[in-house]
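Engineer: Next up is a structure, given as structure tokens.
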Amino acid sequence: MSSLTLKQFQDQVSELLLRHRSLLDVLSKFQQSGAAANRSVVKSITECGCIQVHAAKQEYHPEMTLDEAKDVLGTHVSGHLCEQCIEVVSTELGRNLFYMSALSNILDVNLEQVVENESKKCTTLGLFNMS
């Protein structure tokens with residue numbers, strides 16, 4: 001089976017979205033699905049326990065090399081999502097992607113172009129892209 005393109009997914013969402021065609025409905029569903037995705041990660045920590053968060057100040061110093069910074073700076077996550085949590089988190093992320101696609105459709109934004117533009121920005125700006 002060939003992989004689905006973002007364009008194909010956007011087209012599929014456009015065909016399926018009947019109930020929430022209003023921009024305001026889609027915005028609120030997109031926000032709600034993002035919150036549900038966040039909640040599924042939190043439940044992986046607080047209810048399942050398959051992952052843990054150990055957060056503290058990141059000890060970054062301007063004189064560090066990029067390799068040193070990558071070694072020192074962490075995700076604050078230990079452990080790995082169990083099969084059940086992966087399924088739940090993946091489902092919630094998928095729902096969020098669905099509503100992102102719906103929002104893109106309503107606003108006539110091509111997600112493939114968005115990804116391409118962001119990739120170009122990452123390539124051009126490199127490390128400084130998100131700082």
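Ordering of the structure tokens sets the chain letters (A, B, ...), residue numbers begin anew at 1 in every chain, and ligands are numbered from 1 in the order given.
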Pick out each residue of chain A that DSSP on the backbone tags as helix (DSSP H, G or I); I need them as a count of residues only.
Structural biologist: 86
Engineer: List as a list in words the protein and nucleic acid residues near stretch 85-95 of chain A, meaning an atom at most 7 Å away when only C-alpha atoms are counted, but skip any in the same chain fewer than 6 places from it.
Structural biologist: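 Listing them by chain and then by number gives Ser33, Ala36, Ala37, Ser40, Val41 and Ser44 of chain A.
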Engineer: Write out as a list in words each polymer residue whose atoms come within 10 Å of stretch 9-25 of chain A, counting only C-alpha atoms; drop sequence neighbours fewer than 5 positions from it.
Structural biologist: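 Close residues of stretch 9-25 of chain A: Leu4, Phe30, Gln31, Leu97, Phe98, Tyr99, Met100, Ser101, Ala102, Leu103, Ser104, Asn105, Ile106, Leu107, Val109, Asn110, Leu111 and Glu112 of chain A.
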Engineer: Please, could you write that set of residues out with all heavy atoms as a CSV table (one decimal), in the first residue's frame?
Structural biologist:
chain,number,residue,atom,x,y,z
A,4,LEU,N,-0.2,7.6,2.1
A,4,LEU,CA,-1.2,8.7,1.8
A,4,LEU,C,-0.5,10.0,1.8
A,4,LEU,O,0.3,10.3,2.7
A,4,LEU,CB,-2.3,8.6,2.9
A,4,LEU,CG,-3.5,9.4,2.8
A,4,LEU,CD1,-4.3,9.0,1.6
A,4,LEU,CD2,-4.3,9.3,4.1
A,30,PHE,N,-10.8,21.7,16.8
A,30,PHE,CA,-9.3,21.7,16.6
A,30,PHE,C,-8.7,21.9,18.0
A,30,PHE,O,-7.8,21.1,18.4
A,30,PHE,CB,-8.8,22.6,15.6
A,30,PHE,CG,-7.3,22.6,15.4
A,30,PHE,CD1,-6.6,21.5,15.2
A,30,PHE,CD2,-6.6,23.8,15.3
A,30,PHE,CE1,-5.3,21.4,14.9
A,30,PHE,CE2,-5.2,23.8,15.1
A,30,PHE,CZ,-4.6,22.6,14.9
A,31,GLN,N,-9.2,22.9,18.7
A,31,GLN,CA,-8.6,23.2,20.0
A,31,GLN,C,-9.0,22.1,21.0
A,31,GLN,O,-8.1,21.6,21.8
A,31,GLN,CB,-9.2,24.5,20.6
A,31,GLN,CG,-8.6,24.9,21.9
A,31,GLN,CD,-9.1,26.3,22.3
A,31,GLN,OE1,-10.2,26.8,21.9
A,31,GLN,NE2,-8.4,26.9,23.2
A,97,LEU,N,-5.1,16.0,13.8
A,97,LEU,CA,-4.7,16.2,12.4
A,97,LEU,C,-6.0,16.3,11.5
A,97,LEU,O,-6.0,17.1,10.6
A,97,LEU,CB,-3.9,15.0,12.0
A,97,LEU,CG,-3.3,15.0,10.6
A,97,LEU,CD1,-2.4,16.3,10.4
A,97,LEU,CD2,-2.5,13.8,10.3
A,98,PHE,N,-7.0,15.5,11.8
A,98,PHE,CA,-8.3,15.6,11.1
A,98,PHE,C,-8.8,17.1,11.1
A,98,PHE,O,-9.1,17.7,10.1
A,98,PHE,CB,-9.3,14.7,11.7
A,98,PHE,CG,-10.6,14.7,11.0
A,98,PHE,CD1,-10.9,13.9,9.9
A,98,PHE,CD2,-11.6,15.6,11.4
A,98,PHE,CE1,-12.1,13.9,9.3
A,98,PHE,CE2,-12.9,15.6,10.8
A,98,PHE,CZ,-13.1,14.8,9.7
A,99,TYR,N,-8.9,17.6,12.3
A,99,TYR,CA,-9.4,19.0,12.4
A,99,TYR,C,-8.4,20.1,11.9
A,99,TYR,O,-8.9,21.1,11.4
A,99,TYR,CB,-9.9,19.3,13.8
A,99,TYR,CG,-11.2,18.6,14.1
A,99,TYR,CD1,-11.2,17.5,15.0
A,99,TYR,CD2,-12.3,19.0,13.5
A,99,TYR,CE1,-12.4,16.8,15.2
A,99,TYR,CE2,-13.5,18.3,13.7
A,99,TYR,CZ,-13.6,17.2,14.5
A,99,TYR,OH,-14.8,16.6,14.7
A,100,MET,N,-7.1,19.8,12.0
A,100,MET,CA,-6.2,20.7,11.3
A,100,MET,C,-6.4,20.7,9.8
A,100,MET,O,-6.4,21.8,9.2
A,100,MET,CB,-4.7,20.3,11.6
A,100,MET,CG,-3.7,21.2,11.0
A,100,MET,SD,-2.0,20.7,11.0
A,100,MET,CE,-1.8,20.3,12.7
A,101,SER,N,-6.7,19.5,9.3
A,101,SER,CA,-7.0,19.4,7.8
A,101,SER,C,-8.3,20.1,7.5
A,101,SER,O,-8.4,20.8,6.5
A,101,SER,CB,-7.0,18.0,7.4
A,101,SER,OG,-5.8,17.3,7.6
A,102,ALA,N,-9.3,19.9,8.3
A,102,ALA,CA,-10.5,20.6,8.1
A,102,ALA,C,-10.4,22.1,8.1
A,102,ALA,O,-10.9,22.8,7.3
A,102,ALA,CB,-11.6,20.2,9.2
A,103,LEU,N,-9.6,22.6,9.1
A,103,LEU,CA,-9.3,24.1,9.2
A,103,LEU,C,-8.6,24.5,7.9
A,103,LEU,O,-8.9,25.6,7.3
A,103,LEU,CB,-8.5,24.4,10.4
A,103,LEU,CG,-8.1,25.8,10.7
A,103,LEU,CD1,-9.4,26.7,10.8
A,103,LEU,CD2,-7.3,25.9,11.9
A,104,SER,N,-7.6,23.8,7.5
A,104,SER,CA,-6.9,24.1,6.3
A,104,SER,C,-7.8,24.1,5.1
A,104,SER,O,-7.7,25.0,4.2
A,104,SER,CB,-5.8,23.1,6.0
A,104,SER,OG,-4.9,23.1,7.1
A,105,ASN,N,-8.7,23.2,5.0
A,105,ASN,CA,-9.7,23.2,3.9
A,105,ASN,C,-10.6,24.4,3.8
A,105,ASN,O,-10.7,25.0,2.8
A,105,ASN,CB,-10.5,21.9,3.9
A,105,ASN,CG,-9.8,20.7,3.5
A,105,ASN,OD1,-8.8,20.7,2.9
A,105,ASN,ND2,-10.3,19.5,4.0
A,106,ILE,N,-11.1,24.7,5.0
A,106,ILE,CA,-12.0,25.9,5.1
A,106,ILE,C,-11.3,27.2,4.7
A,106,ILE,O,-11.8,28.0,4.0
A,106,ILE,CB,-12.6,26.0,6.5
A,106,ILE,CG1,-13.6,24.9,6.7
A,106,ILE,CG2,-13.2,27.4,6.7
A,106,ILE,CD1,-14.1,24.9,8.2
A,107,LEU,N,-10.0,27.3,5.0
A,107,LEU,CA,-9.2,28.5,4.7
A,107,LEU,C,-8.4,28.4,3.4
A,107,LEU,O,-7.7,29.3,3.1
A,107,LEU,CB,-8.3,28.8,5.9
A,107,LEU,CG,-9.0,29.1,7.2
A,107,LEU,CD1,-8.0,29.2,8.4
A,107,LEU,CD2,-9.9,30.3,7.1
A,109,VAL,N,-6.0,26.4,2.6
A,109,VAL,CA,-4.5,26.3,2.8
A,109,VAL,C,-4.1,24.9,2.5
A,109,VAL,O,-4.7,23.9,2.9
A,109,VAL,CB,-4.2,26.6,4.3
A,109,VAL,CG1,-2.8,26.3,4.6
A,109,VAL,CG2,-4.5,28.0,4.7
A,110,ASN,N,-3.1,24.7,1.7
A,110,ASN,CA,-2.6,23.4,1.3
A,110,ASN,C,-1.5,22.9,2.3
A,110,ASN,O,-0.5,23.5,2.4
A,110,ASN,CB,-1.9,23.6,-0.1
A,110,ASN,CG,-1.4,22.3,-0.7
A,110,ASN,OD1,-0.8,21.5,0.1
A,110,ASN,ND2,-1.6,22.1,-2.0
A,111,LEU,N,-1.9,21.9,3.0
A,111,LEU,CA,-1.0,21.4,4.1
A,111,LEU,C,0.4,20.9,3.5
A,111,LEU,O,1.4,21.1,4.2
A,111,LEU,CB,-1.6,20.2,4.9
A,111,LEU,CG,-2.6,20.7,5.9
A,111,LEU,CD1,-3.2,19.4,6.6
A,111,LEU,CD2,-1.9,21.5,7.0
A,112,GLU,N,0.4,20.3,2.3
A,112,GLU,CA,1.7,19.9,1.7
A,112,GLU,C,2.6,21.2,1.5
A,112,GLU,O,3.8,21.1,1.8
A,112,GLU,CB,1.5,19.2,0.4
A,112,GLU,CG,1.0,17.8,0.6
A,112,GLU,CD,0.8,17.0,-0.7
A,112,GLU,OE1,0.8,17.6,-1.8
A,112,GLU,OE2,0.8,15.8,-0.6
Engineer: Please list as a PyMOL selection string every residue within 6 Å of stretch 48-54 of chain A, counting only C-alpha atoms and excluding residues in the same chain fewer than 2 positions away.
Structural biologist: chain A and resi 44-46+76-82
